[in-house]
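Below is one structure, written out as structure tokens; the observations come after it.
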Amino acid sequence: MKNKVIKSYPQARRRRYRSRLYRRNSPLKANLVPILSVLIASLVTTLPILPSLPLLPPLGLMMLVAWRQLRPVLWPLWIGFPLGLFDDMFSGQPVGSAVFLWSAVVIALSLINDRTNWRDYWQDWLVAALCLIFAIVGGMLIVGLVYEPAGLEPLVPQILLTIFGFPILARLVSALDRWRLAA
């Protein structure tokens with residue numbers, strides 16, 4: 001009886017770990033997690049937060065920039081158009097502003113990625129900060145074409161929150177990327 005238990009232990013162990021070897025990732029999960037994370041982050045602007053100044057960072061764009069920096073070949077170059085259009089529908093910006101700004105940011109990130117052989121953490125953070133500042137100021141200027149422009153002073157807290165909140169979001173994207181690639 002004892003010999004049977006000893007002999008069956010390696011077989012049971014092999015069966016237990018066999019399911020972890022040669023497993024396939026779910027293509028649905030691998031493709032939907034990045035897109036859904038950007039869309040859900042864009043929907044955060046629909047929360048009933050009513051500050052007197054624009055404090056909420058553009059979380060959808062931050063998520064897009066983080067995904068684009070982590071996995072540059074994950075999405076095609078035109079992905080800024082549909083994701084920006086979705087953000088325009090829910091953010092309250094004039095329709096087409098996020099489409100233009102997000103497309104410009106994706107093109108800029110693609111050009112930077114093509115021109116550099118390697119980047120480190122600080123360079124990624126600087127590039128993301130410049131792209132996000134461009135989008136925030138560009139969004140204010142586009143709104144200024146429709147309504148009375150307010151100036152750049154009210155945007156300073158939002159820009160600071162965006163710049164210093166980006167590393168946290170980049171860590172979240174990294175965790176989502178590990179989860180989506182795990183079977």
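Lettering and numbering for the structure tokens are positional, with chains as A, B, ... in the shown order, residues counted from 1 in each chain, and ligands counted from 1 in the shown order.
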Legend entry - Within 12 Å of segment 68-82 of chain A using only C-alpha atoms, minus same-chain residues under 6 positions, as a PyMOL selection string: chain A and resi 30-35+38-39+60-62+88-89+95-114+118-121+123-128+131+166-167+169-178
For Pro54 of chain A, list every protein, DNA or RNA residue within 7 Å, evaluated using only C-alpha atoms, and leave out those in the same chain fewer than 2 positions away; present the list as a PDB file with N, CA and C atoms, in the first residue's frame.
ATOM      1  N   PRO A  51     -15.648  69.576  -9.739  1.00  0.00           N
ATOM      2  CA  PRO A  51     -14.723  70.555  -9.164  1.00  0.00           C
ATOM      3  C   PRO A  51     -14.840  71.892  -9.887  1.00  0.00           C
ATOM      4  N   SER A  52     -14.350  72.940  -9.266  1.00  0.00           N
ATOM      5  CA  SER A  52     -14.390  74.247  -9.919  1.00  0.00           C
ATOM      6  C   SER A  52     -13.285  74.380 -10.954  1.00  0.00           C
ATOM      7  N   LEU A  56      -9.407  66.375 -12.965  1.00  0.00           N
ATOM      8  CA  LEU A  56      -9.348  64.976 -13.360  1.00  0.00           C
ATOM      9  C   LEU A  56      -8.429  64.803 -14.564  1.00  0.00           C
ATOM     10  N   PRO A 154      -5.775  77.675 -15.075  1.00  0.00           N
ATOM     11  CA  PRO A 154      -6.598  76.619 -14.443  1.00  0.00           C
ATOM     12  C   PRO A 154      -6.132  75.203 -14.775  1.00  0.00           C
ATOM     13  N   LEU A 155      -5.312  75.042 -15.813  1.00  0.00           N
ATOM     14  CA  LEU A 155      -4.881  73.705 -16.214  1.00  0.00           C
ATOM     15  C   LEU A 155      -3.677  73.192 -15.440  1.00  0.00           C
ATOM     16  N   GLN A 158      -4.298  70.149 -13.126  1.00  0.00           N
ATOM     17  CA  GLN A 158      -4.585  68.961 -13.922  1.00  0.00           C
ATOM     18  C   GLN A 158      -3.319  68.435 -14.575  1.00  0.00           C
TER      19      GLN A 158
END
Legend entry - helix (DSSP H, G or I) residues, from DSSP on the backbone, in segment 55-140 of chain A, as JSON, numbers by chain: {"A": [59, 60, 61, 62, 63, 64, 65, 66, 67, 68, 69, 70, 77, 78, 79, 80, 81, 82, 83, 84, 85, 86, 87, 88, 89, 90, 91, 97, 98, 99, 100, 101, 102, 103, 104, 105, 106, 107, 108, 109, 110, 111, 112, 113, 114, 115, 121, 122, 123, 124, 125, 126, 127, 128, 129, 130, 131, 132, 133, 134, 135, 136, 137, 138, 139, 140]}
